[in-house]
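Novice: This is upload10.txt, which holds compact mmCIF, C-alpha atoms:
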```txt
# COMPACT_ATOMS: atom_id res chain seq x y z
CA MET A 10 -36.96 91.15 -12.59
CA ARG A 11 -37.01 90.78 -16.37
CA TRP A 12 -40.37 89.01 -16.56
CA LYS A 13 -42.27 91.82 -14.90
CA SER A 14 -41.42 94.26 -17.66
CA SER A 15 -41.77 91.72 -20.48
CA TRP A 16 -45.18 90.41 -19.31
CA LEU A 17 -47.31 93.15 -20.80
CA GLY A 18 -44.96 93.70 -23.71
CA CYS A 19 -44.86 90.10 -24.87
CA GLY A 20 -46.61 89.38 -28.16
CA LEU A 21 -49.19 87.17 -26.51
CA GLY A 22 -50.21 89.75 -23.92
CA LEU A 23 -53.28 88.96 -21.92
CA SER A 24 -54.63 86.70 -24.66
CA LEU A 25 -52.53 84.03 -22.96
CA LEU A 26 -55.10 84.04 -20.20
CA THR A 27 -57.83 82.79 -22.50
CA MET A 28 -55.69 79.97 -23.86
CA ILE A 29 -54.67 78.07 -20.73
CA SER A 30 -57.37 75.72 -19.53
CA LEU A 31 -57.58 72.70 -17.33
CA PRO A 32 -59.02 69.99 -19.57
CA VAL A 33 -61.17 67.11 -18.45
CA MET A 34 -59.61 64.12 -16.76
CA ALA A 35 -58.61 61.51 -19.32
CA ALA A 36 -56.26 58.62 -19.84
CA PRO A 37 -52.55 59.54 -19.75
CA GLY A 38 -51.30 60.61 -23.16
CA SER A 39 -54.75 61.49 -24.50
CA PRO A 40 -55.44 64.93 -26.01
CA ASN A 41 -57.48 65.91 -22.93
CA GLN A 42 -54.89 64.96 -20.32
CA GLN A 43 -54.85 67.28 -17.33
CA LEU A 44 -52.22 70.04 -17.23
CA THR A 45 -49.43 69.26 -14.74
CA ARG A 46 -47.51 71.70 -12.58
CA ALA A 47 -44.39 71.04 -14.72
CA GLU A 48 -46.33 71.79 -17.91
CA LEU A 49 -47.73 74.98 -16.40
CA ALA A 50 -44.18 76.04 -15.49
CA SER A 51 -43.02 75.33 -19.05
CA ASP A 52 -46.00 77.13 -20.58
CA LEU A 53 -45.46 80.19 -18.37
CA MET A 54 -41.77 80.29 -19.25
CA SER A 55 -42.55 80.04 -22.96
CA ALA A 56 -45.49 82.45 -23.01
CA LEU A 57 -43.73 85.08 -20.92
CA LYS A 58 -40.50 84.61 -22.89
CA LEU A 59 -38.45 84.06 -19.75
CA THR A 60 -34.74 83.40 -20.08
CA PRO A 61 -33.76 80.15 -18.33
CA ALA A 62 -32.20 81.05 -15.01
CA SER A 63 -30.64 79.06 -12.20
CA ASN A 64 -31.82 81.35 -9.42
CA GLY A 65 -34.69 79.20 -8.19
CA PRO A 66 -34.80 76.82 -5.28
CA TRP A 67 -33.63 73.25 -5.64
CA PHE A 68 -36.43 70.69 -5.45
CA ARG A 69 -35.60 67.09 -4.57
CA ASP A 70 -38.35 65.74 -6.83
CA VAL A 71 -37.14 67.60 -9.97
CA SER A 72 -34.10 65.89 -11.45
CA ALA A 73 -31.78 67.60 -13.91
CA GLN A 74 -33.05 65.11 -16.52
CA ASN A 75 -36.63 66.34 -16.15
CA PRO A 76 -37.52 68.18 -19.40
CA ALA A 77 -39.18 70.94 -17.36
CA ALA A 78 -36.33 71.34 -14.83
CA ALA A 79 -35.12 74.67 -16.26
CA ALA A 80 -38.67 76.04 -16.47
CA ILE A 81 -39.46 74.97 -12.91
CA GLU A 82 -36.29 76.58 -11.59
CA THR A 83 -36.89 79.75 -13.61
CA VAL A 84 -40.55 80.33 -12.70
CA SER A 85 -39.98 79.44 -9.05
CA GLY A 86 -36.93 81.71 -8.89
CA ASP A 87 -38.95 84.55 -10.44
CA GLY A 88 -41.75 83.99 -7.91
CA LEU A 89 -44.37 82.87 -10.45
CA MET A 90 -44.79 79.41 -8.92
CA GLN A 91 -43.77 77.89 -5.64
CA GLY A 92 -43.06 74.45 -4.35
CA VAL A 93 -45.62 72.52 -2.36
CA SER A 94 -43.03 72.42 0.42
CA THR A 95 -39.46 73.62 0.90
CA PHE A 96 -37.86 70.86 -1.17
CA ARG A 97 -40.83 69.48 -3.17
CA PHE A 98 -42.45 70.84 -6.34
CA ASP A 99 -44.68 67.88 -7.33
CA PRO A 100 -44.10 68.40 -11.07
CA GLY A 101 -46.41 65.54 -12.09
CA GLN A 102 -49.37 66.68 -10.00
CA PRO A 103 -52.25 68.49 -11.71
CA ALA A 104 -51.96 72.27 -11.87
CA THR A 105 -54.78 74.04 -10.06
CA ARG A 106 -56.72 77.25 -10.52
CA LEU A 107 -54.90 78.56 -7.45
CA ASP A 108 -51.50 77.73 -9.02
CA LEU A 109 -52.45 79.75 -12.10
CA ALA A 110 -53.94 82.62 -10.07
CA ARG A 111 -50.75 82.87 -8.01
CA ALA A 112 -48.60 82.90 -11.16
CA LEU A 113 -50.67 85.54 -12.96
CA VAL A 114 -50.96 87.83 -9.94
CA ALA A 115 -47.18 87.61 -9.40
CA GLY A 116 -46.53 88.05 -13.13
CA LEU A 117 -48.53 91.26 -13.16
CA GLY A 118 -46.54 92.58 -10.19
CA LEU A 119 -49.54 92.51 -7.84
CA GLN A 120 -48.11 90.15 -5.23
CA ASP A 121 -47.51 92.91 -2.65
CA THR A 122 -51.07 94.16 -3.12
CA ALA A 123 -52.42 90.62 -2.74
CA ASN A 124 -50.32 90.05 0.38
CA SER A 125 -51.77 93.18 1.99
CA MET A 126 -55.36 91.95 1.55
CA THR A 127 -56.42 90.08 4.67
CA GLN A 128 -60.21 90.02 4.40
CA PRO A 129 -61.84 86.83 3.13
CA PRO A 130 -62.53 87.06 -0.62
CA PRO A 131 -66.16 87.28 -1.78
CA VAL A 132 -66.43 83.66 -2.92
CA SER A 133 -68.82 81.02 -1.67
CA ASP A 134 -66.10 78.47 -0.89
CA VAL A 135 -63.89 80.76 1.19
CA SER A 136 -63.31 77.96 3.72
CA ASN A 137 -61.31 76.12 1.01
CA ILE A 138 -58.98 79.08 0.43
CA PRO A 139 -55.74 79.22 2.45
CA ARG A 140 -55.68 82.47 4.44
CA ALA A 141 -52.33 83.40 2.85
CA ASP A 142 -54.04 83.36 -0.57
CA TYR A 143 -57.06 85.54 0.28
CA GLY A 144 -55.64 88.48 -1.69
CA ILE A 145 -54.86 86.36 -4.74
CA VAL A 146 -58.35 84.86 -4.78
CA ASP A 147 -59.81 88.37 -4.38
CA ILE A 148 -57.71 89.96 -7.16
CA ALA A 149 -57.77 87.19 -9.79
CA PRO A 150 -61.56 87.17 -10.34
CA GLN A 151 -61.78 90.99 -10.21
CA LEU A 152 -59.26 91.24 -13.05
CA ASN A 153 -60.90 88.29 -14.81
CA LEU A 154 -57.59 86.41 -14.69
CA VAL A 155 -59.19 83.35 -13.12
CA PRO A 156 -62.92 84.02 -12.80
CA ALA A 157 -65.09 82.53 -10.10
CA GLU A 158 -67.36 79.67 -11.07
CA THR A 159 -70.98 80.37 -11.96
CA ASN A 160 -72.03 79.29 -8.45
CA GLY A 161 -69.80 81.98 -6.90
CA ALA A 162 -67.10 79.52 -5.83
CA PHE A 163 -63.43 79.93 -6.71
CA ASP A 164 -62.65 76.17 -6.64
CA PRO A 165 -58.94 76.48 -5.77
CA GLY A 166 -58.29 72.81 -6.60
CA GLY A 167 -59.80 73.28 -10.04
CA GLY A 168 -59.83 69.63 -11.02
CA GLY A 169 -61.89 67.75 -13.53
CA ASP A 170 -63.60 69.74 -16.23
CA GLN A 171 -63.17 73.19 -14.71
CA CYS A 172 -61.52 75.80 -16.90
CA PHE A 173 -58.77 78.01 -15.55
CA VAL A 174 -59.63 81.32 -17.08
CA GLU A 175 -62.75 81.23 -19.17
CA PRO A 176 -66.16 79.66 -18.90
CA CYS A 177 -65.96 76.07 -20.05
CA ARG A 178 -67.55 75.73 -23.46
CA PRO A 179 -69.44 72.60 -24.47
CA GLY A 180 -67.37 70.50 -26.83
CA ARG A 181 -64.07 72.15 -25.92
CA THR A 182 -61.29 69.74 -26.75
CA GLY A 183 -57.53 69.70 -26.78
CA ARG A 184 -54.88 70.42 -24.23
CA HIS A 185 -53.72 73.69 -22.85
CA SER A 186 -52.05 75.78 -25.51
CA VAL A 187 -49.90 78.84 -25.47
```
Kindly transcribe the structure held in the file into structure tokens.

Specialist:
Amino acid sequence: MRWKSSWLGCGLGLSLLTMISLPVMAAPGSPNQQLTRAELASDLMSALKLTPASNGPWFRDVSAQNPAAAAIETVSGDGLMQGVSTFRFDPGQPATRLDLARALVAGLGLQDTANSMTQPPPVSDVSNIPRADYGIVDIAPQLNLVPAETNGAFDPGGGGDQCFVEPCRPGRTGRHSV
């Protein structure tokens, strides 16, 4: 697929990883509004310079009028993101640390390696990790794509003030940016 070869060659490179964060919960429309799954799809498509493609699955909850429809179809067709079920993407739901870890591991071409890893990852909240994602949660912190929290937990839901890819800094403001 095109994105696999362009990932490392894109101008943003791995610096993208330090720029996507999950801001604190705030009122809708505020500068600290939480990143949604649709926004993550759009950001991934933009940052990885993906060409819009219509090879992804059709999701009943993503209308053609949705501004992120092309991004959602492209990143899901390229295997960077997946629906929450066969016909549902939940574009308005908050993106999670696990969503980002899945996308980055797939984007780096490590999905097969992750799928072959069946041992529980060395995180303190392993009971919160779906068994199918053990390899992703093992690889992402090792490569510092999505580091574990300071308490040794991965926090797959990653809500609230948790950062996706870097330690949260006091006073950090603004939305995700790529």

Novice: Rounded to one decimal, what separation in Å do you get between atom CA of Arg97 of chain A and atom CA of Ser72 of chain A?

Specialist: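 One can read the atom CA of Arg97 of chain A to atom CA of Ser72 of chain A distance as 11.3 Å.
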
Novice: Find the residue from A:Asp70, A:Pro130, A:Arg140, A:Glu48 that sits nearest to Asp99 of chain A; use only C-alpha atoms when measuring.

Specialist: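 Comparing A:Asp70, A:Pro130, A:Arg140, A:Glu48 against Asp99 of chain A, the winner is A:Asp70.
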
Novice: Enumerate, as a list in words, the protein, DNA and RNA residues whose atoms approach (-60.8, 88.6, -9.4) to within 12 Å, taking into account all atoms listed in the file and the coordinate frame of the file.

Specialist: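 Collected hits near the coordinates: Leu107, Ala110, Arg111, Leu113, Val114, Ala123, Pro130, Pro131, Val132, Tyr143, Gly144, Ile145, Val146, Asp147, Ile148, Ala149, Pro150, Gln151, Leu152, Asn153, Leu154, Val155, Pro156, Ala157, Glu158, Gly161, Ala162, Phe163 and Val174 of chain A.
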
Novice: Which is closer to Val135 of chain A than all the others in A:Asp164, A:Val93, A:Gln102, A:Ser85, using all atoms listed in the file?

Specialist: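 Of A:Asp164, A:Val93, A:Gln102, A:Ser85, the one nearest Val135 of chain A is A:Asp164, counting all atoms listed in the file.
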
Novice: What would segment 80-95 of chain A look like with N, CA and C atoms in place, written as a CSV table (one decimal), in the frame of the given file?

Specialist:
```
chain,number,residue,atom,x,y,z
A,80,ALA,N,-37.5,75.2,-16.6
A,80,ALA,CA,-38.7,76.0,-16.5
A,80,ALA,C,-39.1,76.1,-15.0
A,81,ILE,N,-39.1,75.0,-14.3
A,81,ILE,CA,-39.5,75.0,-12.9
A,81,ILE,C,-38.5,75.9,-12.1
A,82,GLU,N,-37.2,75.8,-12.3
A,82,GLU,CA,-36.3,76.6,-11.6
A,82,GLU,C,-36.5,78.1,-11.9
A,83,THR,N,-36.7,78.4,-13.2
A,83,THR,CA,-36.9,79.8,-13.6
A,83,THR,C,-38.1,80.4,-13.0
A,84,VAL,N,-39.3,79.7,-13.2
A,84,VAL,CA,-40.6,80.3,-12.7
A,84,VAL,C,-40.6,80.4,-11.2
A,85,SER,N,-40.0,79.4,-10.5
A,85,SER,CA,-40.0,79.4,-9.0
A,85,SER,C,-39.0,80.5,-8.6
A,86,GLY,N,-37.9,80.7,-9.3
A,86,GLY,CA,-36.9,81.7,-8.9
A,86,GLY,C,-37.5,83.1,-9.1
A,87,ASP,N,-38.3,83.3,-10.2
A,87,ASP,CA,-39.0,84.6,-10.4
A,87,ASP,C,-40.2,84.8,-9.6
A,88,GLY,N,-40.6,83.8,-8.8
A,88,GLY,CA,-41.8,84.0,-7.9
A,88,GLY,C,-43.1,83.7,-8.6
A,89,LEU,N,-43.1,83.2,-9.8
A,89,LEU,CA,-44.4,82.9,-10.4
A,89,LEU,C,-45.0,81.6,-9.9
A,90,MET,N,-44.3,80.6,-9.5
A,90,MET,CA,-44.8,79.4,-8.9
A,90,MET,C,-43.9,79.1,-7.7
A,91,GLN,N,-44.5,78.3,-6.8
A,91,GLN,CA,-43.8,77.9,-5.6
A,91,GLN,C,-43.9,76.4,-5.4
A,92,GLY,N,-43.0,75.9,-4.7
A,92,GLY,CA,-43.1,74.4,-4.4
A,92,GLY,C,-44.2,74.2,-3.4
A,93,VAL,N,-44.6,72.9,-3.3
A,93,VAL,CA,-45.6,72.5,-2.4
A,93,VAL,C,-45.1,72.4,-0.9
A,94,SER,N,-43.7,72.3,-0.9
A,94,SER,CA,-43.0,72.4,0.4
A,94,SER,C,-41.6,72.9,0.1
A,95,THR,N,-40.8,73.0,1.1
A,95,THR,CA,-39.5,73.6,0.9
A,95,THR,C,-38.7,72.9,-0.2
```
